[in-house]
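Structure data follow from upload-v3.pdb (PDB, N, CA and C atoms and all ligand atoms):
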```
ATOM      1  N   MET E   1      93.112  95.206 123.536
ATOM      2  CA  MET E   1      93.949  96.023 122.658
ATOM      3  C   MET E   1      95.352  96.229 123.217
ATOM      4  N   SER E   2      95.638  95.644 124.376
ATOM      5  CA  SER E   2      96.929  95.917 125.000
ATOM      6  C   SER E   2      97.980  94.887 124.585
ATOM      7  N   VAL E   3      99.227  95.331 124.664
ATOM      8  CA  VAL E   3     100.354  94.433 124.447
ATOM      9  C   VAL E   3     101.028  94.268 125.802
ATOM     10  N   ASN E   4     101.052  93.052 126.268
ATOM     11  CA  ASN E   4     101.724  92.776 127.531
ATOM     12  C   ASN E   4     102.972  91.965 127.213
ATOM     13  N   CYS E   5     104.117  92.498 127.535
ATOM     14  CA  CYS E   5     105.363  91.849 127.141
ATOM     15  C   CYS E   5     106.211  91.503 128.356
ATOM     16  N   SER E   6     106.565  90.247 128.434
ATOM     17  CA  SER E   6     107.386  89.778 129.554
ATOM     18  C   SER E   6     108.872  89.852 129.258
ATOM     19  N   ALA E   7     109.232  90.278 128.049
ATOM     20  CA  ALA E   7     110.653  90.375 127.678
ATOM     21  C   ALA E   7     111.219  91.681 128.235
ATOM     22  N   THR E   8     111.439  91.705 129.516
ATOM     23  CA  THR E   8     111.835  92.952 130.179
ATOM     24  C   THR E   8     113.283  93.354 129.890
ATOM     25  N   LYS E   9     114.036  92.491 129.210
ATOM     26  CA  LYS E   9     115.406  92.855 128.825
ATOM     27  C   LYS E   9     115.436  93.662 127.529
ATOM     28  N   CYS E  10     114.291  93.811 126.909
ATOM     29  CA  CYS E  10     114.213  94.578 125.671
ATOM     30  C   CYS E  10     114.224  96.075 126.003
ATOM     31  N   VAL E  11     114.928  96.845 125.200
ATOM     32  CA  VAL E  11     115.026  98.286 125.476
ATOM     33  C   VAL E  11     113.673  98.990 125.352
ATOM     34  N   HIS E  12     112.746  98.395 124.628
ATOM     35  CA  HIS E  12     111.432  99.017 124.446
ATOM     36  C   HIS E  12     110.486  98.737 125.609
ATOM     37  N   ASN E  13     110.931  97.894 126.521
ATOM     38  CA  ASN E  13     110.069  97.471 127.627
ATOM     39  C   ASN E  13     110.309  98.356 128.844
ATOM     40  N   ASP E  14     109.224  98.818 129.462
ATOM     41  CA  ASP E  14     109.376  99.704 130.631
ATOM     42  C   ASP E  14     109.626  98.925 131.923
ATOM     43  N   LYS E  15     109.907  97.641 131.768
ATOM     44  CA  LYS E  15     110.207  96.731 132.884
ATOM     45  C   LYS E  15     108.962  96.413 133.704
ATOM     46  N   ASP E  16     107.842  96.908 133.219
ATOM     47  CA  ASP E  16     106.587  96.647 133.910
ATOM     48  C   ASP E  16     105.623  95.923 132.969
ATOM     49  N   GLY E  17     106.197  95.375 131.875
ATOM     50  CA  GLY E  17     105.374  94.619 130.945
ATOM     51  C   GLY E  17     104.764  95.442 129.824
ATOM     52  N   ASN E  18     105.087  96.728 129.770
ATOM     53  CA  ASN E  18     104.541  97.585 128.718
ATOM     54  C   ASN E  18     105.603  97.867 127.664
ATOM     55  N   CYS E  19     105.162  97.928 126.417
ATOM     56  CA  CYS E  19     106.071  98.161 125.296
ATOM     57  C   CYS E  19     105.906  99.584 124.782
ATOM     58  N   TYR E  20     107.026 100.219 124.471
ATOM     59  CA  TYR E  20     106.993 101.587 123.939
ATOM     60  C   TYR E  20     107.600 101.677 122.541
ATOM     61  N   ALA E  21     107.686 100.551 121.855
ATOM     62  CA  ALA E  21     108.161 100.587 120.469
ATOM     63  C   ALA E  21     107.094 101.235 119.600
ATOM     64  N   LYS E  22     107.545 101.976 118.612
ATOM     65  CA  LYS E  22     106.589 102.627 117.713
ATOM     66  C   LYS E  22     105.904 101.591 116.828
ATOM     67  N   LEU E  23     106.712 100.616 116.412
ATOM     68  CA  LEU E  23     106.193  99.541 115.563
ATOM     69  C   LEU E  23     106.708  98.217 116.112
ATOM     70  N   ILE E  24     105.816  97.290 116.270
ATOM     71  CA  ILE E  24     106.196  95.970 116.777
ATOM     72  C   ILE E  24     106.107  94.989 115.607
ATOM     73  N   HIS E  25     107.258  94.533 115.168
ATOM     74  CA  HIS E  25     107.277  93.585 114.043
ATOM     75  C   HIS E  25     107.192  92.168 114.600
ATOM     76  N   VAL E  26     106.132  91.489 114.272
ATOM     77  CA  VAL E  26     106.001  90.085 114.658
ATOM     78  C   VAL E  26     106.068  89.270 113.376
ATOM     79  N   ARG E  27     106.939  88.278 113.382
ATOM     80  CA  ARG E  27     107.119  87.492 112.156
ATOM     81  C   ARG E  27     107.160  86.008 112.439
ATOM     82  N   GLY E  28     106.916  85.275 111.403
ATOM     83  CA  GLY E  28     106.930  83.822 111.495
ATOM     84  C   GLY E  28     105.826  83.292 110.612
ATOM     85  N   GLU E  29     106.079  83.300 109.338
ATOM     86  CA  GLU E  29     105.007  83.028 108.390
ATOM     87  C   GLU E  29     104.516  81.589 108.394
ATOM     88  N   LEU E  30     105.455  80.667 108.474
ATOM     89  CA  LEU E  30     105.067  79.266 108.411
ATOM     90  C   LEU E  30     105.548  78.533 109.655
ATOM     91  N   PRO E  31     104.964  78.857 110.778
ATOM     92  CA  PRO E  31     105.470  78.283 112.018
ATOM     93  C   PRO E  31     105.026  76.838 112.202
ATOM     94  N   ALA E  32     105.924  76.050 112.748
ATOM     95  CA  ALA E  32     105.534  74.714 113.154
ATOM     96  C   ALA E  32     104.804  74.800 114.484
ATOM     97  N   SER E  33     105.130  75.846 115.238
ATOM     98  CA  SER E  33     104.491  76.036 116.533
ATOM     99  C   SER E  33     104.607  77.504 116.892
ATOM    100  N   VAL E  34     104.064  77.861 118.021
ATOM    101  CA  VAL E  34     104.101  79.253 118.459
ATOM    102  C   VAL E  34     105.542  79.735 118.625
ATOM    103  N   ASP E  35     106.481  78.802 118.843
ATOM    104  CA  ASP E  35     107.883  79.184 119.042
ATOM    105  C   ASP E  35     108.465  79.888 117.821
ATOM    106  N   GLY E  36     107.827  79.697 116.661
ATOM    107  CA  GLY E  36     108.334  80.328 115.457
ATOM    108  C   GLY E  36     107.857  81.749 115.267
ATOM    109  N   ILE E  37     106.955  82.205 116.105
ATOM    110  CA  ILE E  37     106.371  83.536 115.939
ATOM    111  C   ILE E  37     106.999  84.464 116.961
ATOM    112  N   MET E  38     107.874  85.327 116.483
ATOM    113  CA  MET E  38     108.638  86.143 117.431
ATOM    114  C   MET E  38     108.505  87.631 117.166
ATOM    115  N   CYS E  39     108.754  88.404 118.198
ATOM    116  CA  CYS E  39     108.823  89.840 118.043
ATOM    117  C   CYS E  39     110.223  90.197 117.543
ATOM    118  N   HIS E  40     110.313  90.665 116.316
ATOM    119  CA  HIS E  40     111.609  91.015 115.740
ATOM    120  C   HIS E  40     112.005  92.447 116.062
ATOM    121  N   SER E  41     111.185  93.137 116.809
ATOM    122  CA  SER E  41     111.565  94.471 117.283
ATOM    123  C   SER E  41     112.310  94.378 118.602
ATOM    124  N   TYR E  42     112.420  93.160 119.111
ATOM    125  CA  TYR E  42     113.187  92.959 120.349
ATOM    126  C   TYR E  42     114.600  93.493 120.163
ATOM    127  N   ALA E  43     115.034  94.302 121.080
ATOM    128  CA  ALA E  43     116.395  94.837 121.037
ATOM    129  C   ALA E  43     116.957  94.762 122.449
ATOM    130  N   PRO E  44     118.054  94.034 122.610
ATOM    131  CA  PRO E  44     118.599  93.862 123.948
ATOM    132  C   PRO E  44     119.189  95.154 124.489
ATOM    133  N   GLU E  45     119.120  95.293 125.778
ATOM    134  CA  GLU E  45     119.760  96.442 126.413
ATOM    135  C   GLU E  45     121.266  96.327 126.247
ATOM    136  N   GLY E  46     121.957  97.453 126.228
ATOM    137  CA  GLY E  46     123.414  97.405 126.157
ATOM    138  C   GLY E  46     123.951  98.327 125.094
ATOM    139  N   PRO E  47     125.231  98.137 124.731
ATOM    140  CA  PRO E  47     125.913  99.045 123.810
ATOM    141  C   PRO E  47     125.265  99.124 122.435
ATOM    142  N   LEU E  48     124.555  98.075 122.030
ATOM    143  CA  LEU E  48     123.954  98.085 120.702
ATOM    144  C   LEU E  48     122.669  98.893 120.651
ATOM    145  N   GLU E  49     122.264  99.408 121.795
ATOM    146  CA  GLU E  49     121.000 100.137 121.885
ATOM    147  C   GLU E  49     120.866 101.197 120.801
ATOM    148  N   VAL E  50     121.962 101.886 120.519
ATOM    149  CA  VAL E  50     121.923 102.983 119.558
ATOM    150  C   VAL E  50     121.481 102.492 118.187
ATOM    151  N   GLU E  51     121.929 101.291 117.834
ATOM    152  CA  GLU E  51     121.565 100.727 116.544
ATOM    153  C   GLU E  51     120.067 100.584 116.390
ATOM    154  N   PHE E  52     119.413 100.402 117.490
ATOM    155  CA  PHE E  52     117.986 100.143 117.443
ATOM    156  C   PHE E  52     117.177 101.386 117.777
ATOM    157  N   ALA E  53     117.840 102.518 117.757
ATOM    158  CA  ALA E  53     117.181 103.743 118.215
ATOM    159  C   ALA E  53     116.159 104.290 117.230
ATOM    160  N   LEU E  54     116.109 103.711 116.039
ATOM    161  CA  LEU E  54     115.179 104.203 115.024
ATOM    162  C   LEU E  54     113.753 104.319 115.532
ATOM    163  N   GLU E  55     113.376 103.369 116.360
ATOM    164  CA  GLU E  55     111.997 103.350 116.810
ATOM    165  C   GLU E  55     111.775 104.231 118.018
ATOM    166  N   PHE E  56     112.806 104.973 118.384
ATOM    167  CA  PHE E  56     112.670 105.857 119.538
ATOM    168  C   PHE E  56     112.403 107.309 119.123
ATOM    169  N   ASP E  57     111.965 107.489 117.879
ATOM    170  CA  ASP E  57     111.702 108.867 117.483
ATOM    171  C   ASP E  57     110.426 109.333 118.170
ATOM    172  N   ALA E  58     110.619 109.866 119.334
ATOM    173  CA  ALA E  58     109.569 110.260 120.261
ATOM    174  C   ALA E  58     108.488 111.105 119.564
ATOM    175  N   PRO E  59     107.321 111.346 120.059
ATOM    176  CA  PRO E  59     106.952 111.050 121.426
ATOM    177  C   PRO E  59     106.676 109.561 121.659
ATOM    178  N   CYS E  60     106.995 109.121 122.843
ATOM    179  CA  CYS E  60     106.810 107.733 123.191
ATOM    180  C   CYS E  60     105.394 107.504 123.713
ATOM    181  N   HIS E  61     104.762 106.531 123.130
ATOM    182  CA  HIS E  61     103.440 106.148 123.604
ATOM    183  C   HIS E  61     103.455 104.660 123.878
ATOM    184  N   GLN E  62     102.679 104.272 124.827
ATOM    185  CA  GLN E  62     102.584 102.848 125.117
ATOM    186  C   GLN E  62     101.944 102.144 123.924
ATOM    187  N   ALA E  63     102.613 101.094 123.459
ATOM    188  CA  ALA E  63     102.131 100.397 122.270
ATOM    189  C   ALA E  63     100.871  99.595 122.588
ATOM    190  N   THR E  64     100.010  99.514 121.590
ATOM    191  CA  THR E  64      98.834  98.647 121.671
ATOM    192  C   THR E  64      98.907  97.683 120.487
ATOM    193  N   THR E  65      97.916  96.860 120.342
ATOM    194  CA  THR E  65      97.936  95.899 119.227
ATOM    195  C   THR E  65      97.924  96.619 117.875
ATOM    196  N   SER E  66      97.482  97.855 117.840
ATOM    197  CA  SER E  66      97.483  98.583 116.567
ATOM    198  C   SER E  66      98.898  98.958 116.131
ATOM    199  N   ASN E  67      99.872  98.844 117.023
ATOM    200  CA  ASN E  67     101.274  99.103 116.674
ATOM    201  C   ASN E  67     101.955  97.860 116.102
ATOM    202  N   ILE E  68     101.232  96.757 116.071
ATOM    203  CA  ILE E  68     101.830  95.502 115.604
ATOM    204  C   ILE E  68     101.716  95.390 114.085
ATOM    205  N   GLN E  69     102.829  95.053 113.474
ATOM    206  CA  GLN E  69     102.812  94.646 112.078
ATOM    207  C   GLN E  69     103.204  93.179 112.074
ATOM    208  N   CYS E  70     102.324  92.360 111.606
ATOM    209  CA  CYS E  70     102.527  90.919 111.766
ATOM    210  C   CYS E  70     102.625  90.207 110.421
ATOM    211  N   GLY E  71     103.467  89.176 110.407
ATOM    212  CA  GLY E  71     103.622  88.379 109.191
ATOM    213  C   GLY E  71     103.135  86.958 109.373
ATOM    214  N   ALA E  72     102.485  86.690 110.489
ATOM    215  CA  ALA E  72     102.055  85.325 110.788
ATOM    216  C   ALA E  72     100.689  85.049 110.159
ATOM    217  N   ARG E  73     100.714  84.787 108.854
ATOM    218  CA  ARG E  73      99.461  84.620 108.122
ATOM    219  C   ARG E  73      98.632  83.443 108.609
ATOM    220  N   LYS E  74      99.265  82.506 109.269
ATOM    221  CA  LYS E  74      98.534  81.322 109.716
ATOM    222  C   LYS E  74      97.813  81.543 111.038
ATOM    223  N   CYS E  75      97.977  82.734 111.606
ATOM    224  CA  CYS E  75      97.310  83.017 112.879
ATOM    225  C   CYS E  75      95.894  83.486 112.609
ATOM    226  N   LYS E  76      94.972  83.049 113.432
ATOM    227  CA  LYS E  76      93.577  83.428 113.185
ATOM    228  C   LYS E  76      93.320  84.898 113.501
ATOM    229  N   HIS E  77      94.241  85.539 114.204
ATOM    230  CA  HIS E  77      94.078  86.967 114.506
ATOM    231  C   HIS E  77      94.689  87.863 113.422
ATOM    232  N   PHE E  78      95.337  87.247 112.453
ATOM    233  CA  PHE E  78      96.017  87.996 111.389
ATOM    234  C   PHE E  78      95.013  88.521 110.370
ATOM    235  N   GLU E  79      95.154  89.801 110.019
ATOM    236  CA  GLU E  79      94.315  90.369 108.960
ATOM    237  C   GLU E  79      95.073  91.503 108.278
ATOM    238  N   ASN E  80      95.464  91.292 107.060
ATOM    239  CA  ASN E  80      96.182  92.327 106.290
ATOM    240  C   ASN E  80      97.390  92.884 107.039
ATOM    241  N   SER E  81      98.182  92.003 107.584
ATOM    242  CA  SER E  81      99.399  92.363 108.318
ATOM    243  C   SER E  81      99.121  93.055 109.650
ATOM    244  N   LYS E  82      97.869  93.090 110.044
ATOM    245  CA  LYS E  82      97.507  93.668 111.337
ATOM    246  C   LYS E  82      97.090  92.562 112.297
ATOM    247  N   CYS E  83      97.126  92.877 113.569
ATOM    248  CA  CYS E  83      96.714  91.920 114.593
ATOM    249  C   CYS E  83      95.343  92.316 115.120
ATOM    250  N   LYS E  84      94.387  91.402 115.024
ATOM    251  CA  LYS E  84      93.027  91.687 115.468
ATOM    252  C   LYS E  84      92.700  91.046 116.815
ATOM    253  N   ALA E  85      93.720  90.547 117.486
ATOM    254  CA  ALA E  85      93.487  89.944 118.810
ATOM    255  C   ALA E  85      93.111  91.038 119.810
ATOM    256  N   GLY E  86      92.356  90.683 120.797
ATOM    257  CA  GLY E  86      91.983  91.644 121.826
ATOM    258  C   GLY E  86      93.212  92.139 122.568
ATOM    259  N   ASP E  87      93.962  91.222 123.110
ATOM    260  CA  ASP E  87      95.204  91.540 123.806
ATOM    261  C   ASP E  87      96.275  90.566 123.335
ATOM    262  N   VAL E  88      97.510  91.013 123.381
ATOM    263  CA  VAL E  88      98.616  90.163 122.938
ATOM    264  C   VAL E  88      99.618  90.006 124.068
ATOM    265  N   GLN E  89     100.080  88.784 124.224
ATOM    266  CA  GLN E  89     101.088  88.478 125.240
ATOM    267  C   GLN E  89     102.374  88.045 124.550
ATOM    268  N   ILE E  90     103.462  88.717 124.869
ATOM    269  CA  ILE E  90     104.780  88.343 124.345
ATOM    270  C   ILE E  90     105.566  87.701 125.483
ATOM    271  N   SER E  91     106.266  86.622 125.158
ATOM    272  CA  SER E  91     106.923  85.843 126.209
ATOM    273  C   SER E  91     108.260  86.440 126.643
ATOM    274  N   LYS E  92     108.713  86.002 127.773
ATOM    275  CA  LYS E  92     109.915  86.550 128.400
ATOM    276  C   LYS E  92     111.212  86.110 127.708
ATOM    277  N   LEU E  93     111.355  84.807 127.490
ATOM    278  CA  LEU E  93     112.654  84.306 127.056
ATOM    279  C   LEU E  93     112.955  84.555 125.585
ATOM    280  N   ALA E  94     112.042  84.222 124.708
ATOM    281  CA  ALA E  94     112.339  84.338 123.275
ATOM    282  C   ALA E  94     111.495  85.389 122.585
ATOM    283  N   ALA E  95     110.739  86.155 123.352
ATOM    284  CA  ALA E  95     109.849  87.188 122.783
ATOM    285  C   ALA E  95     108.921  86.602 121.723
ATOM    286  N   THR E  96     108.393  85.423 122.011
ATOM    287  CA  THR E  96     107.436  84.817 121.090
ATOM    288  C   THR E  96     106.030  85.334 121.385
ATOM    289  N   CYS E  97     105.175  85.290 120.365
ATOM    290  CA  CYS E  97     103.783  85.720 120.557
ATOM    291  C   CYS E  97     102.983  84.545 121.092
ATOM    292  N   GLU E  98     102.580  84.665 122.330
ATOM    293  CA  GLU E  98     101.847  83.577 122.977
ATOM    294  C   GLU E  98     100.359  83.621 122.640
ATOM    295  N   THR E  99      99.955  84.664 121.954
ATOM    296  CA  THR E  99      98.536  84.791 121.593
ATOM    297  C   THR E  99      98.248  84.140 120.243
ATOM    298  N   PHE E 100      99.327  83.739 119.547
ATOM    299  CA  PHE E 100      99.157  83.053 118.253
ATOM    300  C   PHE E 100      98.180  81.881 118.391
ATOM    301  N   GLN E 101      97.250  81.815 117.460
ATOM    302  CA  GLN E 101      96.352  80.669 117.381
ATOM    303  C   GLN E 101      96.203  80.305 115.920
ATOM    304  N   GLY E 102      96.473  79.051 115.606
ATOM    305  CA  GLY E 102      96.365  78.633 114.209
ATOM    306  C   GLY E 102      94.922  78.680 113.731
ATOM    307  N   ARG E 103      94.769  78.954 112.459
ATOM    308  CA  ARG E 103      93.421  78.945 111.877
ATOM    309  C   ARG E 103      92.915  77.518 111.818
ATOM    310  N   THR E 104      91.620  77.358 111.999
ATOM    311  CA  THR E 104      91.071  75.993 111.933
ATOM    312  C   THR E 104      90.464  75.738 110.562
TER     313      THR E 104
HETATM  314  S1  LIG E 201     110.078  92.354 122.802
HETATM  315 FE1  LIG E 201     108.743  93.354 121.273
HETATM  316  S2  LIG E 201     106.771  93.647 122.328
HETATM  317 FE2  LIG E 201     108.347  93.272 123.892
HETATM  318  S3  LIG E 201     109.036  95.310 124.559
HETATM  319 FE3  LIG E 201     110.434  94.579 122.938
HETATM  320  S4  LIG E 201     109.615  95.438 121.035
HETATM  321 FE4  LIG E 201     107.980  95.540 122.577
HETATM  322  S1  LIG E 202      98.192  87.115 117.863
HETATM  323 FE1  LIG E 202      98.594  86.394 115.795
HETATM  324  S2  LIG E 202      98.221  88.181 114.464
HETATM  325 FE2  LIG E 202      98.512  88.917 116.573
HETATM  326  S3  LIG E 202     100.696  89.395 116.744
HETATM  327 FE3  LIG E 202     100.419  87.309 117.492
HETATM  328  S4  LIG E 202     100.802  86.000 115.715
HETATM  329 FE4  LIG E 202     100.426  88.092 114.951
END
```
Just give me the structure as C-alpha cells.
Amino acid sequence: MSVNCSATKCVHNDKDGNCYAKLIHVRGELPASVDGIMCHSYAPEGPLEVEFALEFDAPCHQATTSNIQCGARKCKHFENSKCKAGDVQISKLAATCETFQGRT
C-alpha cells in the first residue's frame, strides 16, 4: 500500500522517498511503454512552489496508494481510477510509474 518515490526534487517528497501529496495524479491513458505513465502531481522545488500549494492544505499525511488517482486504464492494477497495486514505485528522473503492468 506504500508509495515509494525516487523523485526527490519534487516538493511533495520528504527526500527520503515518501510522498506527502494529498492526491497523486498518475496519467497516461494510452502508453506505448511505462515512460508514458507519469505522476502529474510532480512539482519542482523553487519559486513556482506556491503555484502548487493547493495540495498542501494540511494536515500532511504520508501518501499511500489510496491517494493515487490514475488514468492508466491499460494497467492491470487500474480499477475505477484507483490503483490496486500493493506498492507503487515512482522513478527519479521523469516521475514515471514503474509499477505499471500492461493487461494481458
Ligand atoms: S513525484 Fe508524485 S509521487 Fe513523487 S513525491 Fe511528487 S507528487 Fe509524490
Ligand atoms: S501501478 Fe498502474 S494503476 Fe497503479 S498508479 Fe501505476 S499505472 Fe496507475
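Against this structure, the PyMOL selection byres (((not hetatm)) within 6.5 of (chain E and resi 202)) ends up with Val26, Ile37, Ile68, Gln69, Cys70, Gly71, Ala72, Cys75, Lys76, His77, Phe78, Glu79, Lys82, Cys83, Lys84, Ala85, Val88, Cys97, Glu98, Thr99, Phe100 and Gln101 of chain E.
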Measure the distance from atom C of Asn18 of chain E to atom N of Tyr42 of chain E in Å and round it to one decimal.
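Spanning atom C of Asn18 of chain E to atom N of Tyr42 of chain E is a straight-line distance of 11.9 Å.
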Here is a test: counting only N, CA and C atoms, which residue of E:Val11, E:Cys39, E:Cys60, E:Cys19 is nearest to Ser91 of chain E?
E:Cys39
Spell out the residues picked by the PyMOL selection byres (((not hetatm) and name CA) within 7 of (chain E and resi 201)) here, as a PDB file with N, CA and C atoms, in the frame of the given file.
```
ATOM      1  N   VAL E   3      99.227  95.331 124.664  1.00  0.00           N
ATOM      2  CA  VAL E   3     100.354  94.433 124.447  1.00  0.00           C
ATOM      3  C   VAL E   3     101.028  94.268 125.802  1.00  0.00           C
ATOM      4  N   CYS E   5     104.117  92.498 127.535  1.00  0.00           N
ATOM      5  CA  CYS E   5     105.363  91.849 127.141  1.00  0.00           C
ATOM      6  C   CYS E   5     106.211  91.503 128.356  1.00  0.00           C
ATOM      7  N   SER E   6     106.565  90.247 128.434  1.00  0.00           N
ATOM      8  CA  SER E   6     107.386  89.778 129.554  1.00  0.00           C
ATOM      9  C   SER E   6     108.872  89.852 129.258  1.00  0.00           C
ATOM     10  N   ALA E   7     109.232  90.278 128.049  1.00  0.00           N
ATOM     11  CA  ALA E   7     110.653  90.375 127.678  1.00  0.00           C
ATOM     12  C   ALA E   7     111.219  91.681 128.235  1.00  0.00           C
ATOM     13  N   THR E   8     111.439  91.705 129.516  1.00  0.00           N
ATOM     14  CA  THR E   8     111.835  92.952 130.179  1.00  0.00           C
ATOM     15  C   THR E   8     113.283  93.354 129.890  1.00  0.00           C
ATOM     16  N   CYS E  10     114.291  93.811 126.909  1.00  0.00           N
ATOM     17  CA  CYS E  10     114.213  94.578 125.671  1.00  0.00           C
ATOM     18  C   CYS E  10     114.224  96.075 126.003  1.00  0.00           C
ATOM     19  N   VAL E  11     114.928  96.845 125.200  1.00  0.00           N
ATOM     20  CA  VAL E  11     115.026  98.286 125.476  1.00  0.00           C
ATOM     21  C   VAL E  11     113.673  98.990 125.352  1.00  0.00           C
ATOM     22  N   HIS E  12     112.746  98.395 124.628  1.00  0.00           N
ATOM     23  CA  HIS E  12     111.432  99.017 124.446  1.00  0.00           C
ATOM     24  C   HIS E  12     110.486  98.737 125.609  1.00  0.00           C
ATOM     25  N   ASN E  13     110.931  97.894 126.521  1.00  0.00           N
ATOM     26  CA  ASN E  13     110.069  97.471 127.627  1.00  0.00           C
ATOM     27  C   ASN E  13     110.309  98.356 128.844  1.00  0.00           C
ATOM     28  N   ASN E  18     105.087  96.728 129.770  1.00  0.00           N
ATOM     29  CA  ASN E  18     104.541  97.585 128.718  1.00  0.00           C
ATOM     30  C   ASN E  18     105.603  97.867 127.664  1.00  0.00           C
ATOM     31  N   CYS E  19     105.162  97.928 126.417  1.00  0.00           N
ATOM     32  CA  CYS E  19     106.071  98.161 125.296  1.00  0.00           C
ATOM     33  C   CYS E  19     105.906  99.584 124.782  1.00  0.00           C
ATOM     34  N   TYR E  20     107.026 100.219 124.471  1.00  0.00           N
ATOM     35  CA  TYR E  20     106.993 101.587 123.939  1.00  0.00           C
ATOM     36  C   TYR E  20     107.600 101.677 122.541  1.00  0.00           C
ATOM     37  N   ALA E  21     107.686 100.551 121.855  1.00  0.00           N
ATOM     38  CA  ALA E  21     108.161 100.587 120.469  1.00  0.00           C
ATOM     39  C   ALA E  21     107.094 101.235 119.600  1.00  0.00           C
ATOM     40  N   ILE E  24     105.816  97.290 116.270  1.00  0.00           N
ATOM     41  CA  ILE E  24     106.196  95.970 116.777  1.00  0.00           C
ATOM     42  C   ILE E  24     106.107  94.989 115.607  1.00  0.00           C
ATOM     43  N   CYS E  39     108.754  88.404 118.198  1.00  0.00           N
ATOM     44  CA  CYS E  39     108.823  89.840 118.043  1.00  0.00           C
ATOM     45  C   CYS E  39     110.223  90.197 117.543  1.00  0.00           C
ATOM     46  N   HIS E  40     110.313  90.665 116.316  1.00  0.00           N
ATOM     47  CA  HIS E  40     111.609  91.015 115.740  1.00  0.00           C
ATOM     48  C   HIS E  40     112.005  92.447 116.062  1.00  0.00           C
ATOM     49  N   SER E  41     111.185  93.137 116.809  1.00  0.00           N
ATOM     50  CA  SER E  41     111.565  94.471 117.283  1.00  0.00           C
ATOM     51  C   SER E  41     112.310  94.378 118.602  1.00  0.00           C
ATOM     52  N   TYR E  42     112.420  93.160 119.111  1.00  0.00           N
ATOM     53  CA  TYR E  42     113.187  92.959 120.349  1.00  0.00           C
ATOM     54  C   TYR E  42     114.600  93.493 120.163  1.00  0.00           C
ATOM     55  N   ALA E  43     115.034  94.302 121.080  1.00  0.00           N
ATOM     56  CA  ALA E  43     116.395  94.837 121.037  1.00  0.00           C
ATOM     57  C   ALA E  43     116.957  94.762 122.449  1.00  0.00           C
ATOM     58  N   ILE E  90     103.462  88.717 124.869  1.00  0.00           N
ATOM     59  CA  ILE E  90     104.780  88.343 124.345  1.00  0.00           C
ATOM     60  C   ILE E  90     105.566  87.701 125.483  1.00  0.00           C
ATOM     61  N   ALA E  95     110.739  86.155 123.352  1.00  0.00           N
ATOM     62  CA  ALA E  95     109.849  87.188 122.783  1.00  0.00           C
ATOM     63  C   ALA E  95     108.921  86.602 121.723  1.00  0.00           C
TER      64      ALA E  95
END
```
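Coordinates place atom CA of Leu93 of chain E at a distance of 14.1 Å from atom CA of Glu45 of chain E.
Here atom C of Gln62 of chain E and atom C of Lys74 of chain E stand 24.6 Å from one another.
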Rank E:Lys22, E:Asp16, E:Arg73, E:Met1 by their smallest atom-to-atom distance to His61 of chain E, using only N, CA and C atoms, and report the top residue only.
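The answer is E:Lys22, which sits nearest to His61 of chain E.
Candidate residues E:Gln89, E:Thr104, E:Thr96, E:Ser2 were compared for distance to Ser66 of chain E, and the nearest is E:Ser2, using only N, CA and C atoms.
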Using DSSP on the backbone, list every residue of chain E that comes out as helix (DSSP H, G or I), and give them as a list in words.
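The helix (DSSP H, G or I) subset of chain E is Val34, Asp35, Gly36, Pro47, Leu48, Glu49, Val50, Glu51, Phe52, Ala53, Leu54, Glu55, Phe56, Thr65, Ser66 and Asn67 of chain E.
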Generate a file of the selected residues that holds N, CA and C atoms, formatted as a CSV table (one decimal), in the coordinates of the input.
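As a result, out.csv now contains:
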```
chain,number,residue,atom,x,y,z
E,34,VAL,N,104.1,77.9,118.0
E,34,VAL,CA,104.1,79.3,118.5
E,34,VAL,C,105.5,79.7,118.6
E,35,ASP,N,106.5,78.8,118.8
E,35,ASP,CA,107.9,79.2,119.0
E,35,ASP,C,108.5,79.9,117.8
E,36,GLY,N,107.8,79.7,116.7
E,36,GLY,CA,108.3,80.3,115.5
E,36,GLY,C,107.9,81.7,115.3
E,47,PRO,N,125.2,98.1,124.7
E,47,PRO,CA,125.9,99.0,123.8
E,47,PRO,C,125.3,99.1,122.4
E,48,LEU,N,124.6,98.1,122.0
E,48,LEU,CA,124.0,98.1,120.7
E,48,LEU,C,122.7,98.9,120.7
E,49,GLU,N,122.3,99.4,121.8
E,49,GLU,CA,121.0,100.1,121.9
E,49,GLU,C,120.9,101.2,120.8
E,50,VAL,N,122.0,101.9,120.5
E,50,VAL,CA,121.9,103.0,119.6
E,50,VAL,C,121.5,102.5,118.2
E,51,GLU,N,121.9,101.3,117.8
E,51,GLU,CA,121.6,100.7,116.5
E,51,GLU,C,120.1,100.6,116.4
E,52,PHE,N,119.4,100.4,117.5
E,52,PHE,CA,118.0,100.1,117.4
E,52,PHE,C,117.2,101.4,117.8
E,53,ALA,N,117.8,102.5,117.8
E,53,ALA,CA,117.2,103.7,118.2
E,53,ALA,C,116.2,104.3,117.2
E,54,LEU,N,116.1,103.7,116.0
E,54,LEU,CA,115.2,104.2,115.0
E,54,LEU,C,113.8,104.3,115.5
E,55,GLU,N,113.4,103.4,116.4
E,55,GLU,CA,112.0,103.4,116.8
E,55,GLU,C,111.8,104.2,118.0
E,56,PHE,N,112.8,105.0,118.4
E,56,PHE,CA,112.7,105.9,119.5
E,56,PHE,C,112.4,107.3,119.1
E,65,THR,N,97.9,96.9,120.3
E,65,THR,CA,97.9,95.9,119.2
E,65,THR,C,97.9,96.6,117.9
E,66,SER,N,97.5,97.9,117.8
E,66,SER,CA,97.5,98.6,116.6
E,66,SER,C,98.9,99.0,116.1
E,67,ASN,N,99.9,98.8,117.0
E,67,ASN,CA,101.3,99.1,116.7
E,67,ASN,C,102.0,97.9,116.1
```
